[in-house]
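K.L.:
I'm passing along input17.pdb; it holds PDB, C-alpha atoms and all ligand atoms.
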```pdb
ATOM      1  CA  MET A  16     -17.425 -79.681  -5.243  1.00  0.00           C
ATOM      2  CA  PHE A  17     -15.366 -82.774  -4.490  1.00  0.00           C
ATOM      3  CA  PHE A  18     -12.042 -81.001  -4.200  1.00  0.00           C
ATOM      4  CA  ARG A  19     -11.888 -77.683  -2.436  1.00  0.00           C
ATOM      5  CA  LYS A  20      -9.821 -75.650  -0.031  1.00  0.00           C
ATOM      6  CA  LYS A  21     -12.709 -74.905   2.331  1.00  0.00           C
ATOM      7  CA  PRO A  22     -13.286 -77.191   5.316  1.00  0.00           C
ATOM      8  CA  SER A  23     -16.605 -78.988   5.580  1.00  0.00           C
ATOM      9  CA  PRO A  24     -18.988 -77.905   8.364  1.00  0.00           C
ATOM     10  CA  ARG A  25     -18.511 -81.389   9.893  1.00  0.00           C
ATOM     11  CA  THR A  26     -15.006 -80.410  10.996  1.00  0.00           C
ATOM     12  CA  GLY A  27     -16.041 -77.237  12.809  1.00  0.00           C
ATOM     13  CA  LEU A  28     -12.839 -75.633  11.481  1.00  0.00           C
ATOM     14  CA  SER A  29     -12.534 -72.122  10.149  1.00  0.00           C
ATOM     15  CA  VAL A  30     -11.069 -71.587   6.684  1.00  0.00           C
ATOM     16  CA  GLU A  31      -7.865 -70.290   8.310  1.00  0.00           C
ATOM     17  CA  GLU A  32      -7.526 -73.262  10.662  1.00  0.00           C
ATOM     18  CA  ALA A  33      -8.179 -75.706   7.835  1.00  0.00           C
ATOM     19  CA  ALA A  34      -5.630 -73.970   5.621  1.00  0.00           C
ATOM     20  CA  LYS A  35      -2.988 -74.321   8.340  1.00  0.00           C
ATOM     21  CA  ARG A  36      -3.685 -78.025   8.531  1.00  0.00           C
ATOM     22  CA  THR A  37      -3.674 -78.746   4.817  1.00  0.00           C
ATOM     23  CA  PRO A  38      -0.203 -79.707   3.537  1.00  0.00           C
ATOM     24  CA  PRO A  39       1.088 -78.266   0.252  1.00  0.00           C
ATOM     25  CA  GLY A  40      -0.534 -79.661  -2.884  1.00  0.00           C
ATOM     26  CA  GLN A  41      -3.529 -81.138  -1.004  1.00  0.00           C
ATOM     27  CA  TYR A  42      -7.261 -80.422  -1.440  1.00  0.00           C
ATOM     28  CA  LEU A  43     -10.009 -81.075   1.074  1.00  0.00           C
ATOM     29  CA  THR A  44     -12.768 -83.602   0.795  1.00  0.00           C
ATOM     30  CA  ASP A  45     -15.432 -84.596   3.266  1.00  0.00           C
ATOM     31  CA  LYS A  46     -15.989 -87.942   1.612  1.00  0.00           C
ATOM     32  CA  PHE A  47     -13.878 -90.885   2.495  1.00  0.00           C
ATOM     33  CA  PRO A  48     -12.698 -92.383  -0.776  1.00  0.00           C
ATOM     34  CA  VAL A  49     -11.655 -96.037  -0.633  1.00  0.00           C
ATOM     35  CA  LEU A  50      -8.127 -96.563  -1.895  1.00  0.00           C
ATOM     36  CA  THR A  51      -7.140-100.206  -1.995  1.00  0.00           C
ATOM     37  CA  TYR A  52      -4.740-102.057  -4.207  1.00  0.00           C
ATOM     38  CA  GLY A  53      -6.345-105.429  -4.855  1.00  0.00           C
ATOM     39  CA  PRO A  54      -9.412-107.071  -3.332  1.00  0.00           C
ATOM     40  CA  THR A  55     -10.820-106.470   0.155  1.00  0.00           C
ATOM     41  CA  PRO A  56      -9.794-109.414   2.337  1.00  0.00           C
ATOM     42  CA  ARG A  57     -12.292-111.429   4.364  1.00  0.00           C
ATOM     43  CA  PHE A  58     -12.412-111.242   8.117  1.00  0.00           C
ATOM     44  CA  ASP A  59     -12.883-114.344  10.274  1.00  0.00           C
ATOM     45  CA  PRO A  60     -12.841-113.582  14.033  1.00  0.00           C
ATOM     46  CA  GLU A  61     -12.077-117.261  14.761  1.00  0.00           C
ATOM     47  CA  THR A  62      -8.749-117.263  12.947  1.00  0.00           C
ATOM     48  CA  TRP A  63      -7.808-113.573  13.096  1.00  0.00           C
ATOM     49  CA  ASP A  64      -4.840-112.667  15.254  1.00  0.00           C
ATOM     50  CA  PHE A  65      -2.521-109.738  15.747  1.00  0.00           C
ATOM     51  CA  ARG A  66       1.177-110.498  16.048  1.00  0.00           C
ATOM     52  CA  VAL A  67       4.397-108.664  16.835  1.00  0.00           C
ATOM     53  CA  TRP A  68       7.629-110.248  15.724  1.00  0.00           C
ATOM     54  CA  GLY A  69      11.140-109.559  14.441  1.00  0.00           C
ATOM     55  CA  LEU A  70      13.620-107.762  16.703  1.00  0.00           C
ATOM     56  CA  VAL A  71      11.724-108.289  19.964  1.00  0.00           C
ATOM     57  CA  GLU A  72      12.804-110.314  22.989  1.00  0.00           C
ATOM     58  CA  GLU A  73       9.630-112.370  22.766  1.00  0.00           C
ATOM     59  CA  GLN A  74       6.966-112.448  20.076  1.00  0.00           C
ATOM     60  CA  ALA A  75       3.480-111.362  21.071  1.00  0.00           C
ATOM     61  CA  ARG A  76       0.118-112.549  19.790  1.00  0.00           C
ATOM     62  CA  TRP A  77      -3.479-111.570  20.511  1.00  0.00           C
ATOM     63  CA  THR A  78      -6.605-113.357  19.351  1.00  0.00           C
ATOM     64  CA  TYR A  79      -9.448-111.140  18.190  1.00  0.00           C
ATOM     65  CA  GLU A  80     -11.162-111.489  21.559  1.00  0.00           C
ATOM     66  CA  GLN A  81      -7.958-110.626  23.439  1.00  0.00           C
ATOM     67  CA  PHE A  82      -7.227-107.652  21.227  1.00  0.00           C
ATOM     68  CA  MET A  83     -10.686-106.211  21.768  1.00  0.00           C
ATOM     69  CA  GLU A  84     -10.054-106.256  25.532  1.00  0.00           C
ATOM     70  CA  LEU A  85      -7.070-103.916  25.267  1.00  0.00           C
ATOM     71  CA  PRO A  86      -7.733-100.404  26.560  1.00  0.00           C
ATOM     72  CA  THR A  87      -8.629 -97.860  23.900  1.00  0.00           C
ATOM     73  CA  VAL A  88      -7.864 -94.224  23.209  1.00  0.00           C
ATOM     74  CA  GLN A  89      -9.338 -91.634  20.873  1.00  0.00           C
ATOM     75  CA  ILE A  90      -7.381 -89.268  18.706  1.00  0.00           C
ATOM     76  CA  THR A  91      -8.554 -86.642  16.272  1.00  0.00           C
ATOM     77  CA  ALA A  92      -6.287 -86.445  13.263  1.00  0.00           C
ATOM     78  CA  ASP A  93      -6.081 -85.434   9.622  1.00  0.00           C
ATOM     79  CA  PHE A  94      -5.706 -87.933   6.782  1.00  0.00           C
ATOM     80  CA  HIS A  95      -3.653 -87.021   3.703  1.00  0.00           C
ATOM     81  CA  CYS A  96      -3.655 -89.266   0.641  1.00  0.00           C
ATOM     82  CA  VAL A  97      -0.724 -88.852  -1.716  1.00  0.00           C
ATOM     83  CA  THR A  98      -3.215 -88.608  -4.610  1.00  0.00           C
ATOM     84  CA  THR A  99      -3.891 -85.092  -3.153  1.00  0.00           C
ATOM     85  CA  TRP A 100      -7.076 -85.435  -1.095  1.00  0.00           C
ATOM     86  CA  SER A 101      -7.127 -84.740   2.625  1.00  0.00           C
ATOM     87  CA  ARG A 102      -9.915 -85.348   5.120  1.00  0.00           C
ATOM     88  CA  LEU A 103      -9.534 -83.271   8.273  1.00  0.00           C
ATOM     89  CA  GLU A 104     -10.709 -83.979  11.844  1.00  0.00           C
ATOM     90  CA  ASN A 105     -11.181 -87.722  11.833  1.00  0.00           C
ATOM     91  CA  ARG A 106     -11.980 -89.083  15.277  1.00  0.00           C
ATOM     92  CA  TRP A 107     -10.297 -92.475  15.448  1.00  0.00           C
ATOM     93  CA  GLU A 108     -10.672 -94.926  18.308  1.00  0.00           C
ATOM     94  CA  GLY A 109      -8.511 -97.946  18.970  1.00  0.00           C
ATOM     95  CA  VAL A 110      -5.406 -99.170  20.749  1.00  0.00           C
ATOM     96  CA  SER A 111      -2.463 -96.820  21.178  1.00  0.00           C
ATOM     97  CA  ILE A 112       0.880 -98.061  19.885  1.00  0.00           C
ATOM     98  CA  HIS A 113       2.173 -97.396  23.410  1.00  0.00           C
ATOM     99  CA  GLU A 114      -0.281 -99.990  24.774  1.00  0.00           C
ATOM    100  CA  ILE A 115       1.081-102.578  22.321  1.00  0.00           C
ATOM    101  CA  MET A 116       4.662-101.686  23.302  1.00  0.00           C
ATOM    102  CA  LYS A 117       3.895-102.454  26.966  1.00  0.00           C
ATOM    103  CA  HIS A 118       3.675-106.097  25.919  1.00  0.00           C
ATOM    104  CA  VAL A 119       6.885-106.314  23.905  1.00  0.00           C
ATOM    105  CA  GLN A 120      10.506-105.551  24.591  1.00  0.00           C
ATOM    106  CA  LEU A 121      12.463-104.307  21.619  1.00  0.00           C
ATOM    107  CA  LYS A 122      15.959-105.525  20.947  1.00  0.00           C
ATOM    108  CA  PRO A 123      18.405-102.613  20.820  1.00  0.00           C
ATOM    109  CA  GLU A 124      18.975-103.130  17.058  1.00  0.00           C
ATOM    110  CA  ALA A 125      15.317-102.427  16.231  1.00  0.00           C
ATOM    111  CA  GLN A 126      15.168 -99.160  14.272  1.00  0.00           C
ATOM    112  CA  PHE A 127      12.331 -99.672  11.768  1.00  0.00           C
ATOM    113  CA  ALA A 128       8.990-101.422  11.592  1.00  0.00           C
ATOM    114  CA  MET A 129       6.886-103.009   8.880  1.00  0.00           C
ATOM    115  CA  PHE A 130       3.089-103.158   9.026  1.00  0.00           C
ATOM    116  CA  HIS A 131       1.780-106.453   7.622  1.00  0.00           C
ATOM    117  CA  CYS A 132      -1.789-106.800   6.385  1.00  0.00           C
ATOM    118  CA  ASP A 133      -4.211-109.447   5.244  1.00  0.00           C
ATOM    119  CA  GLY A 134      -3.877-109.677   1.498  1.00  0.00           C
ATOM    120  CA  GLY A 135      -0.119-109.068   1.600  1.00  0.00           C
ATOM    121  CA  TYR A 136      -0.008-105.248   1.742  1.00  0.00           C
ATOM    122  CA  THR A 137       2.957-103.908   3.707  1.00  0.00           C
ATOM    123  CA  THR A 138       4.286-100.461   4.587  1.00  0.00           C
ATOM    124  CA  ASN A 139       7.416 -99.388   6.477  1.00  0.00           C
ATOM    125  CA  VAL A 140       7.956 -96.715   9.132  1.00  0.00           C
ATOM    126  CA  SER A 141      10.915 -95.700  11.262  1.00  0.00           C
ATOM    127  CA  LEU A 142      10.742 -96.485  14.965  1.00  0.00           C
ATOM    128  CA  GLU A 143      10.494 -92.769  15.709  1.00  0.00           C
ATOM    129  CA  VAL A 144       7.447 -92.410  13.452  1.00  0.00           C
ATOM    130  CA  LEU A 145       5.820 -95.572  14.802  1.00  0.00           C
ATOM    131  CA  LEU A 146       6.216 -94.588  18.450  1.00  0.00           C
ATOM    132  CA  ASP A 147       4.651 -91.131  18.120  1.00  0.00           C
ATOM    133  CA  ASP A 148       1.889 -90.376  20.635  1.00  0.00           C
ATOM    134  CA  ASP A 149      -0.809 -90.101  17.953  1.00  0.00           C
ATOM    135  CA  VAL A 150      -0.172 -93.508  16.326  1.00  0.00           C
ATOM    136  CA  LEU A 151      -2.887 -96.038  16.963  1.00  0.00           C
ATOM    137  CA  LEU A 152      -4.393 -99.275  15.772  1.00  0.00           C
ATOM    138  CA  ALA A 153      -7.926 -98.185  15.088  1.00  0.00           C
ATOM    139  CA  TYR A 154     -11.265 -99.873  14.718  1.00  0.00           C
ATOM    140  CA  LYS A 155     -13.661 -96.938  14.971  1.00  0.00           C
ATOM    141  CA  LEU A 156     -14.001 -93.721  13.018  1.00  0.00           C
ATOM    142  CA  ASP A 157     -16.301 -90.894  14.134  1.00  0.00           C
ATOM    143  CA  GLY A 158     -17.978 -93.221  16.616  1.00  0.00           C
ATOM    144  CA  GLU A 159     -18.781 -96.071  14.210  1.00  0.00           C
ATOM    145  CA  ASN A 160     -16.962 -99.292  13.453  1.00  0.00           C
ATOM    146  CA  ILE A 161     -14.683 -98.823  10.451  1.00  0.00           C
ATOM    147  CA  ASP A 162     -16.184-100.209   7.220  1.00  0.00           C
ATOM    148  CA  LEU A 163     -14.722-103.388   5.813  1.00  0.00           C
ATOM    149  CA  ALA A 164     -13.438-101.374   2.832  1.00  0.00           C
ATOM    150  CA  HIS A 165     -11.628 -98.955   5.166  1.00  0.00           C
ATOM    151  CA  GLY A 166      -9.800-101.734   6.979  1.00  0.00           C
ATOM    152  CA  TRP A 167     -12.118-103.536   9.403  1.00  0.00           C
ATOM    153  CA  PRO A 168     -11.358-105.025  11.879  1.00  0.00           C
ATOM    154  CA  LEU A 169      -8.094-103.115  12.390  1.00  0.00           C
ATOM    155  CA  ARG A 170      -5.952-100.525  10.672  1.00  0.00           C
ATOM    156  CA  SER A 171      -2.980 -98.503  11.700  1.00  0.00           C
ATOM    157  CA  ILE A 172      -3.292 -94.731  11.773  1.00  0.00           C
ATOM    158  CA  VAL A 173      -0.077 -92.744  11.353  1.00  0.00           C
ATOM    159  CA  PRO A 174      -1.386 -89.160  11.187  1.00  0.00           C
ATOM    160  CA  LYS A 175       1.953 -87.487  10.438  1.00  0.00           C
ATOM    161  CA  ARG A 176       2.594 -89.512   7.274  1.00  0.00           C
ATOM    162  CA  TYR A 177       0.725 -89.867   3.972  1.00  0.00           C
ATOM    163  CA  ALA A 178      -2.186 -92.247   4.263  1.00  0.00           C
ATOM    164  CA  TRP A 179      -0.547 -95.147   2.465  1.00  0.00           C
ATOM    165  CA  LYS A 180       1.367 -95.646   5.776  1.00  0.00           C
ATOM    166  CA  SER A 181      -1.999 -96.214   7.534  1.00  0.00           C
ATOM    167  CA  ALA A 182      -2.346 -99.912   6.826  1.00  0.00           C
ATOM    168  CA  LYS A 183      -5.818-101.453   6.448  1.00  0.00           C
ATOM    169  CA  TRP A 184      -6.636-105.016   7.623  1.00  0.00           C
ATOM    170  CA  LEU A 185      -3.577-104.898   9.842  1.00  0.00           C
ATOM    171  CA  ARG A 186      -2.393-108.260  11.194  1.00  0.00           C
ATOM    172  CA  GLY A 187       1.010-107.503  12.598  1.00  0.00           C
ATOM    173  CA  ILE A 188       4.096-105.401  13.126  1.00  0.00           C
ATOM    174  CA  GLU A 189       7.601-106.635  12.393  1.00  0.00           C
ATOM    175  CA  PHE A 190      10.591-104.870  13.939  1.00  0.00           C
ATOM    176  CA  MET A 191      13.710-104.559  11.796  1.00  0.00           C
ATOM    177  CA  ALA A 192      17.276-103.243  12.089  1.00  0.00           C
ATOM    178  CA  ALA A 193      17.344-101.631   8.638  1.00  0.00           C
ATOM    179  CA  ASP A 194      14.705 -99.844   6.612  1.00  0.00           C
ATOM    180  CA  LYS A 195      12.983-101.921   3.942  1.00  0.00           C
ATOM    181  CA  PRO A 196      10.396-100.759   1.400  1.00  0.00           C
ATOM    182  CA  GLY A 197       6.784-101.909   1.753  1.00  0.00           C
ATOM    183  CA  PHE A 198       4.345-102.381  -1.125  1.00  0.00           C
ATOM    184  CA  TRP A 199       3.986 -98.796  -2.398  1.00  0.00           C
ATOM    185  CA  GLU A 200       7.541 -97.908  -1.405  1.00  0.00           C
ATOM    186  CA  ARG A 201       8.802-100.664  -3.748  1.00  0.00           C
ATOM    187  CA  ASN A 202       6.579 -99.146  -6.408  1.00  0.00           C
ATOM    188  CA  GLY A 203       8.034 -95.659  -6.229  1.00  0.00           C
ATOM    189  CA  TYR A 204       6.525 -94.034  -3.148  1.00  0.00           C
ATOM    190  CA  HIS A 205       8.811 -92.294  -0.680  1.00  0.00           C
ATOM    191  CA  MET A 206      10.348 -94.302   2.187  1.00  0.00           C
ATOM    192  CA  ASP A 207       9.349 -91.736   4.829  1.00  0.00           C
ATOM    193  CA  GLY A 208       6.308 -89.967   3.317  1.00  0.00           C
ATOM    194  CA  ASP A 209       6.033 -86.748   5.332  1.00  0.00           C
ATOM    195  CA  PRO A 210       3.183 -84.720   3.732  1.00  0.00           C
ATOM    196  CA  TRP A 211       4.576 -81.404   5.055  1.00  0.00           C
ATOM    197  CA  LYS A 212       7.759 -82.022   3.089  1.00  0.00           C
ATOM    198  CA  GLU A 213       5.782 -83.378   0.125  1.00  0.00           C
ATOM    199  CA  GLU A 214       7.710 -86.633   0.268  1.00  0.00           C
ATOM    200  CA  ARG A 215       5.452 -88.284  -2.292  1.00  0.00           C
ATOM    201  CA  TYR A 216       7.657 -90.268  -4.648  1.00  0.00           C
ATOM    202  CA  ARG A 217      11.311 -91.180  -4.916  1.00  0.00           C
TER     203      ARG A 217
HETATM  204  N1  LIG A 301      -3.957-103.122   3.319  1.00  0.00           N
HETATM  205  C1  LIG A 301      -3.978-101.960   2.646  1.00  0.00           C
HETATM  206  N2  LIG A 301      -3.835-100.816   3.329  1.00  0.00           N
HETATM  207  C2  LIG A 301      -3.839 -99.638   2.675  1.00  0.00           C
HETATM  208  C3  LIG A 301      -3.974 -99.577   1.258  1.00  0.00           C
HETATM  209  C4  LIG A 301      -4.116-100.808   0.556  1.00  0.00           C
HETATM  210  O1  LIG A 301      -4.225-100.853  -0.670  1.00  0.00           O
HETATM  211  N3  LIG A 301      -4.117-101.975   1.287  1.00  0.00           N
HETATM  212  N4  LIG A 301      -3.972 -98.360   0.617  1.00  0.00           N
HETATM  213  C5  LIG A 301      -3.333 -97.239   1.312  1.00  0.00           C
HETATM  214  C6  LIG A 301      -3.616 -95.956   0.688  1.00  0.00           C
HETATM  215  S1  LIG A 301      -2.773 -95.584  -0.739  1.00  0.00           S
HETATM  216  C7  LIG A 301      -4.447 -95.022   1.262  1.00  0.00           C
HETATM  217  S2  LIG A 301      -4.653 -93.474   0.625  1.00  0.00           S
HETATM  218  C8  LIG A 301      -5.249 -95.377   2.447  1.00  0.00           C
HETATM  219  C9  LIG A 301      -6.705 -95.178   2.096  1.00  0.00           C
HETATM  220  O2  LIG A 301      -7.535 -95.540   3.148  1.00  0.00           O
HETATM  221  P1  LIG A 301      -9.087 -95.575   2.872  1.00  0.00           P
HETATM  222  O3  LIG A 301      -9.330 -96.559   1.758  1.00  0.00           O
HETATM  223  O4  LIG A 301      -9.676 -95.954   4.170  1.00  0.00           O
HETATM  224  O5  LIG A 301      -9.453 -94.185   2.437  1.00  0.00           O
HETATM  225  O6  LIG A 301      -5.057 -96.725   2.881  1.00  0.00           O
HETATM  226  C10 LIG A 301      -3.743 -97.192   2.778  1.00  0.00           C
HETATM  227  N5  LIG A 301      -3.688 -98.494   3.391  1.00  0.00           N
HETATM  228 MO    MO A 302      -3.166 -93.240  -1.048  1.00  0.00          MO
END
```
Could I get this structure in the form of structure tokens?
P.N.:
Amino acid sequence: MFFRKKPSPRTGLSVEEAAKRTPPGQYLTDKFPVLTYGPTPRFDPETWDFRVWGLVEEQARWTYEQFMELPTVQITADFHCVTTWSRLENRWEGVSIHEIMKHVQLKPEAQFAMFHCDGGYTTNVSLEVLLDDDVLLAYKLDGENIDLAHGWPLRSIVPKRYAWKSAKWLRGIEFMAADKPGFWERNGYHMDGDPWKEERYR
């Protein structure tokens, strides 16, 4: 019963609605498998910070305390792992990318961004993908703090891309002029990763 095409009752979705929201080649799960390459990093609120750098007029930095004071939003979004499981109707809460962008001014050359995580994981997105209205830096899922294994204290959520673009233990965003592969992209995953186009590997 792990993989199925029927939505779980948790989602409140009909079979038809769920089918419309399940990209080609994906199956539904109600569990939340942990997919991490390497060990789970430690979190120390005293030394943790969130930084924005690269092609910005001035770098920005928040301590943990400062970051937690930023206004939050909630979005409900689907999560599609390239290994073919999808979990629909996840209610994420955190800081909208638009809130972060209020504090930084991009240089005109900035066209791509790289998420940087504790432990060295990285993943790239185009500026257009990053600045979508449903992109957020999340710390709650379905009303609870995100588990350490799922990225506590902060992860990016990029609902319109495969889940490897939703970076756990996020520590910063770097703005770049040209696209550059992140960790999985260097190891054969697609540079863009749109699940509706099945952009899995390259
Ligand atoms: N820092 C970091 N972020 C990561 C990963 C990782 O290994 N390290 N794995 C990615 C992959 S492949 C997926 S499918 C999702 C899984 O998120 P989950 O473990 O919360 O289900 O996180 C993504 N973000
Ligand atoms: Mo994944």
K.L.:
Taking the point (-16.2, -108.4, 9.7) as given in the file, collect each protein or nucleic acid residue that comes within 10 Å of it, counting all atoms listed in the file, and present the set as a PDB file with C-alpha atoms, in the coordinates of the input.
P.N.:
```
ATOM      1  CA  PRO A  56      -9.794-109.414   2.337  1.00  0.00           C
ATOM      2  CA  ARG A  57     -12.292-111.429   4.364  1.00  0.00           C
ATOM      3  CA  PHE A  58     -12.412-111.242   8.117  1.00  0.00           C
ATOM      4  CA  ASP A  59     -12.883-114.344  10.274  1.00  0.00           C
ATOM      5  CA  PRO A  60     -12.841-113.582  14.033  1.00  0.00           C
ATOM      6  CA  ASN A 160     -16.962 -99.292  13.453  1.00  0.00           C
ATOM      7  CA  ILE A 161     -14.683 -98.823  10.451  1.00  0.00           C
ATOM      8  CA  ASP A 162     -16.184-100.209   7.220  1.00  0.00           C
ATOM      9  CA  LEU A 163     -14.722-103.388   5.813  1.00  0.00           C
ATOM     10  CA  GLY A 166      -9.800-101.734   6.979  1.00  0.00           C
ATOM     11  CA  TRP A 167     -12.118-103.536   9.403  1.00  0.00           C
ATOM     12  CA  PRO A 168     -11.358-105.025  11.879  1.00  0.00           C
TER      13      PRO A 168
END
```
K.L.:
Hey, which residues sit close to ligand LIG 301 (chain A)? Say within 6 Å, counting only C-alpha atoms and all ligand atoms, and write them as a list in words.
P.N.:
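Here is the list of contacting residues: Phe47, Pro48, Val49, Leu50, Thr51, Tyr52, Cys96, Cys132, Tyr136, His165, Ala178, Trp179, Ser181, Ala182, Lys183 and Trp184 of chain A.
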K.L.:
Suppose a student applies the PyMOL selection byres (((chain A and resi 113) around 9) and not hetatm) to this structure; what residues should they get, written as a list in words?
P.N.:
Val110, Ser111, Ile112, Glu114, Ile115, Met116, Lys117, Leu146, Asp147, Asp148, Val150 and Leu151 of chain A
K.L.:
Can you turn the PyMOL selection byres (((chain A and resi 68-75) around 6) and not hetatm) into a concrete residue list for this file, as a list in words?
P.N.:
Arg66, Val67, Arg76, Gln120, Leu121, Lys122, Ala125, Glu189, Phe190 and Met191 of chain A
K.L.:
May I have the residues from that selection written out with C-alpha atoms, as a PDB file, in the frame of the given file?
P.N.:
```
ATOM      1  CA  ARG A  66       1.177-110.498  16.048  1.00  0.00           C
ATOM      2  CA  VAL A  67       4.397-108.664  16.835  1.00  0.00           C
ATOM      3  CA  ARG A  76       0.118-112.549  19.790  1.00  0.00           C
ATOM      4  CA  GLN A 120      10.506-105.551  24.591  1.00  0.00           C
ATOM      5  CA  LEU A 121      12.463-104.307  21.619  1.00  0.00           C
ATOM      6  CA  LYS A 122      15.959-105.525  20.947  1.00  0.00           C
ATOM      7  CA  ALA A 125      15.317-102.427  16.231  1.00  0.00           C
ATOM      8  CA  GLU A 189       7.601-106.635  12.393  1.00  0.00           C
ATOM      9  CA  PHE A 190      10.591-104.870  13.939  1.00  0.00           C
ATOM     10  CA  MET A 191      13.710-104.559  11.796  1.00  0.00           C
TER      11      MET A 191
END
```
K.L.:
Can you measure CA of Thr98 in chain A to CA of Ala164 in chain A for me? One decimal in Å is fine.
P.N.:
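Separation between CA of Thr98 in chain A and CA of Ala164 in chain A: 18.0 Å.
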K.L.:
Quick one: distance from CA of Trp100 in chain A to CA of Gly134 in chain A in Å, one decimal?
P.N.:
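Computed distance, CA of Trp100 in chain A to CA of Gly134 in chain A, equals 24.6 Å.
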K.L.:
Record the distance separating CA of Gly135 in chain A and CA of His118 in chain A, expressed in Å with one decimal.
P.N.:
24.8 Å
K.L.:
Once the PyMOL selection byres (((chain A and resi 87-92) around 12) and not hetatm) has been applied to the shown file, what residues remain in the selection, as a short mmCIF file (atom, residue, chain, number, x, y, z; two decimals) with C-alpha atoms, keeping the file's coordinate frame?
P.N.:
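Done, and the output landed in selection_22.cif:
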```
data_model
loop_
_atom_site.label_atom_id
_atom_site.label_comp_id
_atom_site.auth_asym_id
_atom_site.auth_seq_id
_atom_site.Cartn_x
_atom_site.Cartn_y
_atom_site.Cartn_z
CA THR A 26 -15.01 -80.41 11.00
CA ARG A 36 -3.68 -78.03 8.53
CA THR A 37 -3.67 -78.75 4.82
CA PHE A 82 -7.23 -107.65 21.23
CA MET A 83 -10.69 -106.21 21.77
CA GLU A 84 -10.05 -106.26 25.53
CA LEU A 85 -7.07 -103.92 25.27
CA PRO A 86 -7.73 -100.40 26.56
CA ASP A 93 -6.08 -85.43 9.62
CA PHE A 94 -5.71 -87.93 6.78
CA HIS A 95 -3.65 -87.02 3.70
CA SER A 101 -7.13 -84.74 2.62
CA ARG A 102 -9.91 -85.35 5.12
CA LEU A 103 -9.53 -83.27 8.27
CA GLU A 104 -10.71 -83.98 11.84
CA ASN A 105 -11.18 -87.72 11.83
CA ARG A 106 -11.98 -89.08 15.28
CA TRP A 107 -10.30 -92.48 15.45
CA GLU A 108 -10.67 -94.93 18.31
CA GLY A 109 -8.51 -97.95 18.97
CA VAL A 110 -5.41 -99.17 20.75
CA SER A 111 -2.46 -96.82 21.18
CA ILE A 112 0.88 -98.06 19.89
CA HIS A 113 2.17 -97.40 23.41
CA GLU A 114 -0.28 -99.99 24.77
CA ILE A 115 1.08 -102.58 22.32
CA ASP A 148 1.89 -90.38 20.64
CA ASP A 149 -0.81 -90.10 17.95
CA VAL A 150 -0.17 -93.51 16.33
CA LEU A 151 -2.89 -96.04 16.96
CA LEU A 152 -4.39 -99.28 15.77
CA ALA A 153 -7.93 -98.18 15.09
CA TYR A 154 -11.26 -99.87 14.72
CA LYS A 155 -13.66 -96.94 14.97
CA LEU A 156 -14.00 -93.72 13.02
CA ASP A 157 -16.30 -90.89 14.13
CA GLY A 158 -17.98 -93.22 16.62
CA ILE A 172 -3.29 -94.73 11.77
CA VAL A 173 -0.08 -92.74 11.35
CA PRO A 174 -1.39 -89.16 11.19
CA LYS A 175 1.95 -87.49 10.44
CA ARG A 176 2.59 -89.51 7.27
CA ALA A 178 -2.19 -92.25 4.26
#
```
K.L.:
Given the point (10.3, -98.0, 6.8) in the coordinates of this file, which residues lie within 12 Å, counting all atoms listed in the file, and how would they look as a tab-separated table (two decimals) with C-alpha atoms, in the coordinates of the input?
P.N.:
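Output saved as out21.tsv:
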```tsv
chain	number	residue	atom	x	y	z
A	125	ALA	CA	15.32	-102.43	16.23
A	126	GLN	CA	15.17	-99.16	14.27
A	127	PHE	CA	12.33	-99.67	11.77
A	128	ALA	CA	8.99	-101.42	11.59
A	129	MET	CA	6.89	-103.01	8.88
A	130	PHE	CA	3.09	-103.16	9.03
A	137	THR	CA	2.96	-103.91	3.71
A	138	THR	CA	4.29	-100.46	4.59
A	139	ASN	CA	7.42	-99.39	6.48
A	140	VAL	CA	7.96	-96.72	9.13
A	141	SER	CA	10.92	-95.70	11.26
A	142	LEU	CA	10.74	-96.48	14.96
A	143	GLU	CA	10.49	-92.77	15.71
A	144	VAL	CA	7.45	-92.41	13.45
A	145	LEU	CA	5.82	-95.57	14.80
A	176	ARG	CA	2.59	-89.51	7.27
A	180	LYS	CA	1.37	-95.65	5.78
A	188	ILE	CA	4.10	-105.40	13.13
A	189	GLU	CA	7.60	-106.64	12.39
A	190	PHE	CA	10.59	-104.87	13.94
A	191	MET	CA	13.71	-104.56	11.80
A	192	ALA	CA	17.28	-103.24	12.09
A	193	ALA	CA	17.34	-101.63	8.64
A	194	ASP	CA	14.70	-99.84	6.61
A	195	LYS	CA	12.98	-101.92	3.94
A	196	PRO	CA	10.40	-100.76	1.40
A	197	GLY	CA	6.78	-101.91	1.75
A	198	PHE	CA	4.34	-102.38	-1.12
A	199	TRP	CA	3.99	-98.80	-2.40
A	200	GLU	CA	7.54	-97.91	-1.40
A	201	ARG	CA	8.80	-100.66	-3.75
A	204	TYR	CA	6.52	-94.03	-3.15
A	205	HIS	CA	8.81	-92.29	-0.68
A	206	MET	CA	10.35	-94.30	2.19
A	207	ASP	CA	9.35	-91.74	4.83
A	208	GLY	CA	6.31	-89.97	3.32
```
K.L.:
Of the residues A:Val97, A:Leu28, A:Ala33, A:Leu43, which is the one nearest to ligand MO 302 (chain A), using only C-alpha atoms and all ligand atoms?
P.N.:
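So, comparing all the options, the nearest one is A:Val97.
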K.L.:
Counting only C-alpha atoms and all ligand atoms, which residue out of A:Tyr177, A:Tyr42, A:Trp63, A:Trp211 sits closest to ligand MO 302 (chain A)?
P.N.:
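Under the stated criterion, the closest residue is A:Tyr177.
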K.L.:
Out of A:Asp133, A:Glu61, A:Glu80, A:Glu124, which residue has the shortest atom-to-atom distance to Arg170 in chain A when counting all atoms listed in the file?
P.N.:
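Nearest to Arg170 in chain A: A:Asp133.
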K.L.:
Please report, as JSON, the centre and edge lengths in Å to one decimal of an axis-aligned box covering all listed atoms of range 54-72 of chain A with 5 Å per side.
P.N.:
```
{"center_x": 0.4, "center_y": -111.9, "center_z": 9.8, "size_x": 36.5, "size_y": 20.8, "size_z": 36.3}
```
